[in-house]
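Following: one structure in structure tokens, then a few remarks.
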Amino acid sequence: QLVELIFKHRPDIILFVGQAAGRSKPMLERLAINFFLDQEIVEEAAAAYWQTLPDFEEWPATFEEADLNLGLSNFAGSNLTNHAFYSALHLAETEQLPLEVGLFHLPQLAEQSDSDMENAVCITTEEAVAGLTLLVDELLNFLENE
């Protein structure tokens, strides 16, 4: 379905959003790996692809200017969000599509946390919304100024 949607809508940017419990702050992922549930996503394809969002290394400073936290991660996991992330990057590479692709992982939300857990790592819903809104607004500004 992802491939169909990409060819149907021809987006300039795809931003996948997932949740990664245990992370201390929102993270942009650098790398999508060709691995899901103990098997390759695409047989005999690249082991990994680098994300392709614009100005990637500058994102933490952009968040800091807005008093928000953001980290850059080298491991998106081997779950569904990585699967979608890898699949979109693989399609863009093999079909030579002018497509920017990234994955934004949010930590567990405070309301999802077990209140009995000491030192639970989580953020508020407001922090999650603010971070995602900033990221989307900046990506839209990038497209407008291209």
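Chain identifiers are assigned as A, B, and so on, following the order in which chains appear in the structure tokens; residues are numbered from 1 within each chain, and ligands are numbered from 1 in order of appearance.
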**Request:** May I have the residues within 12 Å of Leu2 of chain A as an MDAnalysis selection string, using only C-alpha atoms and disregarding those fewer than 2 positions away in the same chain?
**Result:** chainID A and resid 4:11 14 16 83:92
**Message:** I need the residues of chain A that end up classed as alpha helix (DSSP H) by DSSP on the backbone, written out as a PyMOL selection string.
**Reply:** chain A and resi 2-9+59-65+80-94+125-145
Since we have the selection now, will you write its residues out, keeping C-alpha atoms, as a PDB file, in the first residue's frame?
```pdb
ATOM      1  CA  LEU A   2       2.852   2.382   0.765  1.00  0.00           C
ATOM      2  CA  VAL A   3       4.240   2.051  -2.763  1.00  0.00           C
ATOM      3  CA  GLU A   4       0.780   2.643  -4.261  1.00  0.00           C
ATOM      4  CA  LEU A   5       0.272   5.755  -2.126  1.00  0.00           C
ATOM      5  CA  ILE A   6       3.660   7.196  -3.032  1.00  0.00           C
ATOM      6  CA  PHE A   7       3.055   6.749  -6.767  1.00  0.00           C
ATOM      7  CA  LYS A   8      -0.510   8.040  -6.492  1.00  0.00           C
ATOM      8  CA  HIS A   9       0.256  11.190  -4.479  1.00  0.00           C
ATOM      9  CA  TRP A  59      17.486  19.936  13.460  1.00  0.00           C
ATOM     10  CA  PRO A  60      18.597  19.754  17.128  1.00  0.00           C
ATOM     11  CA  ALA A  61      19.593  23.449  17.059  1.00  0.00           C
ATOM     12  CA  THR A  62      16.245  24.353  15.468  1.00  0.00           C
ATOM     13  CA  PHE A  63      14.445  22.543  18.286  1.00  0.00           C
ATOM     14  CA  GLU A  64      16.695  24.113  20.935  1.00  0.00           C
ATOM     15  CA  GLU A  65      15.833  27.597  19.619  1.00  0.00           C
ATOM     16  CA  LEU A  80       7.093  -1.409  11.749  1.00  0.00           C
ATOM     17  CA  THR A  81       8.209   2.233  11.625  1.00  0.00           C
ATOM     18  CA  ASN A  82      11.665   1.168  10.432  1.00  0.00           C
ATOM     19  CA  HIS A  83      10.001  -1.123   7.866  1.00  0.00           C
ATOM     20  CA  ALA A  84       8.026   1.789   6.393  1.00  0.00           C
ATOM     21  CA  PHE A  85      11.050   4.100   6.619  1.00  0.00           C
ATOM     22  CA  TYR A  86      13.316   1.606   4.804  1.00  0.00           C
ATOM     23  CA  SER A  87      10.667   0.762   2.202  1.00  0.00           C
ATOM     24  CA  ALA A  88      10.136   4.412   1.243  1.00  0.00           C
ATOM     25  CA  LEU A  89      13.880   5.084   1.031  1.00  0.00           C
ATOM     26  CA  HIS A  90      14.426   1.920  -1.018  1.00  0.00           C
ATOM     27  CA  LEU A  91      11.669   2.933  -3.435  1.00  0.00           C
ATOM     28  CA  ALA A  92      13.067   6.456  -3.760  1.00  0.00           C
ATOM     29  CA  GLU A  93      16.536   5.044  -4.454  1.00  0.00           C
ATOM     30  CA  THR A  94      15.542   2.326  -6.921  1.00  0.00           C
ATOM     31  CA  THR A 125       1.435  15.305  25.066  1.00  0.00           C
ATOM     32  CA  GLU A 126       2.017  19.046  24.701  1.00  0.00           C
ATOM     33  CA  GLU A 127       5.770  18.482  24.192  1.00  0.00           C
ATOM     34  CA  ALA A 128       5.068  15.785  21.591  1.00  0.00           C
ATOM     35  CA  VAL A 129       2.627  18.018  19.715  1.00  0.00           C
ATOM     36  CA  ALA A 130       4.985  21.012  19.872  1.00  0.00           C
ATOM     37  CA  GLY A 131       7.893  18.978  18.510  1.00  0.00           C
ATOM     38  CA  LEU A 132       5.898  17.406  15.699  1.00  0.00           C
ATOM     39  CA  THR A 133       4.326  20.761  14.780  1.00  0.00           C
ATOM     40  CA  LEU A 134       7.725  22.453  14.648  1.00  0.00           C
ATOM     41  CA  LEU A 135       9.150  19.693  12.474  1.00  0.00           C
ATOM     42  CA  VAL A 136       6.243  19.776  10.009  1.00  0.00           C
ATOM     43  CA  ASP A 137       6.221  23.599   9.865  1.00  0.00           C
ATOM     44  CA  GLU A 138       9.970  23.674   9.154  1.00  0.00           C
ATOM     45  CA  LEU A 139       9.642  21.026   6.438  1.00  0.00           C
ATOM     46  CA  LEU A 140       6.820  22.992   4.812  1.00  0.00           C
ATOM     47  CA  ASN A 141       8.944  26.158   4.958  1.00  0.00           C
ATOM     48  CA  PHE A 142      11.771  24.254   3.286  1.00  0.00           C
ATOM     49  CA  LEU A 143       9.457  23.211   0.447  1.00  0.00           C
ATOM     50  CA  GLU A 144       8.157  26.761  -0.013  1.00  0.00           C
ATOM     51  CA  ASN A 145      11.694  28.160  -0.210  1.00  0.00           C
TER      52      ASN A 145
END
```
**Request:** Mind checking which residues fall within 12 Å of Phe75 of chain A, counting only C-alpha atoms, ignoring those fewer than 3 positions away in the same chain, and posting them as a PyMOL selection string?
**Result:** chain A and resi 20+23+27-35+48-51+71-72+78-79+81-82+85-86+103-105
**Request:** List every residue of chain A that DSSP, applied to the backbone of this structure, assigns to strand (DSSP E or B), and report them as a PyMOL selection string.
**Result:** chain A and resi 13-19+27-29+31-33+36+39+48-50+71-73+100-106+109+123
**Request:** Fewer than 2 positions away in the same chain doesn't count, so skip those; otherwise give me all residues within 12 Å of Thr124 of chain A, counting only C-alpha atoms, as a PyMOL selection string.
**Result:** chain A and resi 24-26+68+106-113+121-122+126-131
Written file, previous selection with N, CA, C and O atoms, as a PDB file, in the first residue's frame:
```pdb
ATOM      1  N   SER A  24      14.644   9.153  25.824  1.00  0.00           N
ATOM      2  CA  SER A  24      14.517  10.257  26.774  1.00  0.00           C
ATOM      3  C   SER A  24      13.992  11.542  26.140  1.00  0.00           C
ATOM      4  O   SER A  24      13.616  12.473  26.842  1.00  0.00           O
ATOM      5  N   LYS A  25      13.992  11.591  24.818  1.00  0.00           N
ATOM      6  CA  LYS A  25      13.503  12.775  24.111  1.00  0.00           C
ATOM      7  C   LYS A  25      13.146  12.360  22.695  1.00  0.00           C
ATOM      8  O   LYS A  25      13.530  11.279  22.236  1.00  0.00           O
ATOM      9  N   PRO A  26      12.411  13.206  21.987  1.00  0.00           N
ATOM     10  CA  PRO A  26      12.121  12.895  20.580  1.00  0.00           C
ATOM     11  C   PRO A  26      13.422  12.747  19.797  1.00  0.00           C
ATOM     12  O   PRO A  26      14.418  13.416  20.088  1.00  0.00           O
ATOM     13  N   LEU A  68      12.757  23.217  22.783  1.00  0.00           N
ATOM     14  CA  LEU A  68      12.325  21.826  22.696  1.00  0.00           C
ATOM     15  C   LEU A  68      13.550  20.929  22.577  1.00  0.00           C
ATOM     16  O   LEU A  68      14.600  21.360  22.103  1.00  0.00           O
ATOM     17  N   LEU A 106       8.958   9.449  18.894  1.00  0.00           N
ATOM     18  CA  LEU A 106       8.595  10.100  20.145  1.00  0.00           C
ATOM     19  C   LEU A 106       8.791   9.131  21.303  1.00  0.00           C
ATOM     20  O   LEU A 106       8.527   7.934  21.167  1.00  0.00           O
ATOM     21  N   PRO A 107       9.202   9.647  22.474  1.00  0.00           N
ATOM     22  CA  PRO A 107       9.234   8.790  23.662  1.00  0.00           C
ATOM     23  C   PRO A 107       7.813   8.475  24.116  1.00  0.00           C
ATOM     24  O   PRO A 107       6.838   9.024  23.597  1.00  0.00           O
ATOM     25  N   GLN A 108       7.724   7.641  25.101  1.00  0.00           N
ATOM     26  CA  GLN A 108       6.429   7.331  25.707  1.00  0.00           C
ATOM     27  C   GLN A 108       5.840   8.623  26.285  1.00  0.00           C
ATOM     28  O   GLN A 108       6.562   9.475  26.800  1.00  0.00           O
ATOM     29  N   LEU A 109       4.533   8.772  26.168  1.00  0.00           N
ATOM     30  CA  LEU A 109       3.855   9.934  26.730  1.00  0.00           C
ATOM     31  C   LEU A 109       3.634   9.728  28.229  1.00  0.00           C
ATOM     32  O   LEU A 109       3.459   8.597  28.691  1.00  0.00           O
ATOM     33  N   ALA A 110       3.600  10.826  28.977  1.00  0.00           N
ATOM     34  CA  ALA A 110       3.443  10.748  30.428  1.00  0.00           C
ATOM     35  C   ALA A 110       2.182   9.973  30.815  1.00  0.00           C
ATOM     36  O   ALA A 110       2.201   9.159  31.743  1.00  0.00           O
ATOM     37  N   GLU A 111       1.107  10.173  30.068  1.00  0.00           N
ATOM     38  CA  GLU A 111      -0.143   9.479  30.415  1.00  0.00           C
ATOM     39  C   GLU A 111      -0.099   7.986  30.096  1.00  0.00           C
ATOM     40  O   GLU A 111      -0.965   7.226  30.526  1.00  0.00           O
ATOM     41  N   GLN A 112       0.881   7.553  29.359  1.00  0.00           N
ATOM     42  CA  GLN A 112       1.057   6.122  29.082  1.00  0.00           C
ATOM     43  C   GLN A 112       1.930   5.446  30.142  1.00  0.00           C
ATOM     44  O   GLN A 112       2.014   4.235  30.184  1.00  0.00           O
ATOM     45  N   SER A 113       2.583   6.255  30.945  1.00  0.00           N
ATOM     46  CA  SER A 113       3.536   5.746  31.921  1.00  0.00           C
ATOM     47  C   SER A 113       2.809   5.153  33.128  1.00  0.00           C
ATOM     48  O   SER A 113       1.801   5.685  33.585  1.00  0.00           O
ATOM     49  N   VAL A 121      10.820   7.325  31.787  1.00  0.00           N
ATOM     50  CA  VAL A 121      11.234   8.246  30.740  1.00  0.00           C
ATOM     51  C   VAL A 121      10.019   8.530  29.873  1.00  0.00           C
ATOM     52  O   VAL A 121       9.486   7.626  29.235  1.00  0.00           O
ATOM     53  N   CYS A 122       9.579   9.793  29.874  1.00  0.00           N
ATOM     54  CA  CYS A 122       8.402  10.139  29.087  1.00  0.00           C
ATOM     55  C   CYS A 122       8.365  11.642  28.847  1.00  0.00           C
ATOM     56  O   CYS A 122       9.119  12.398  29.443  1.00  0.00           O
ATOM     57  N   GLU A 126       1.742  17.709  25.221  1.00  0.00           N
ATOM     58  CA  GLU A 126       2.017  19.046  24.701  1.00  0.00           C
ATOM     59  C   GLU A 126       3.412  19.124  24.086  1.00  0.00           C
ATOM     60  O   GLU A 126       3.616  19.746  23.035  1.00  0.00           O
ATOM     61  N   GLU A 127       4.410  18.499  24.740  1.00  0.00           N
ATOM     62  CA  GLU A 127       5.770  18.482  24.192  1.00  0.00           C
ATOM     63  C   GLU A 127       5.822  17.706  22.876  1.00  0.00           C
ATOM     64  O   GLU A 127       6.500  18.116  21.929  1.00  0.00           O
ATOM     65  N   ALA A 128       5.102  16.591  22.820  1.00  0.00           N
ATOM     66  CA  ALA A 128       5.068  15.785  21.591  1.00  0.00           C
ATOM     67  C   ALA A 128       4.435  16.576  20.455  1.00  0.00           C
ATOM     68  O   ALA A 128       4.970  16.619  19.338  1.00  0.00           O
ATOM     69  N   VAL A 129       3.322  17.228  20.735  1.00  0.00           N
ATOM     70  CA  VAL A 129       2.627  18.018  19.715  1.00  0.00           C
ATOM     71  C   VAL A 129       3.495  19.192  19.266  1.00  0.00           C
ATOM     72  O   VAL A 129       3.617  19.470  18.064  1.00  0.00           O
ATOM     73  N   ALA A 130       4.135  19.870  20.214  1.00  0.00           N
ATOM     74  CA  ALA A 130       4.985  21.012  19.872  1.00  0.00           C
ATOM     75  C   ALA A 130       6.150  20.577  18.982  1.00  0.00           C
ATOM     76  O   ALA A 130       6.478  21.254  17.998  1.00  0.00           O
ATOM     77  N   GLY A 131       6.773  19.470  19.306  1.00  0.00           N
ATOM     78  CA  GLY A 131       7.893  18.978  18.510  1.00  0.00           C
ATOM     79  C   GLY A 131       7.471  18.582  17.103  1.00  0.00           C
ATOM     80  O   GLY A 131       8.123  18.936  16.119  1.00  0.00           O
TER      81      GLY A 131
END
```
**Message:** I'd like to know which of A:Ile123, A:Leu15, A:Ala46, A:Leu37 is closest to Leu70 of chain A, using only C-alpha atoms.
**Reply:** A:Ile123
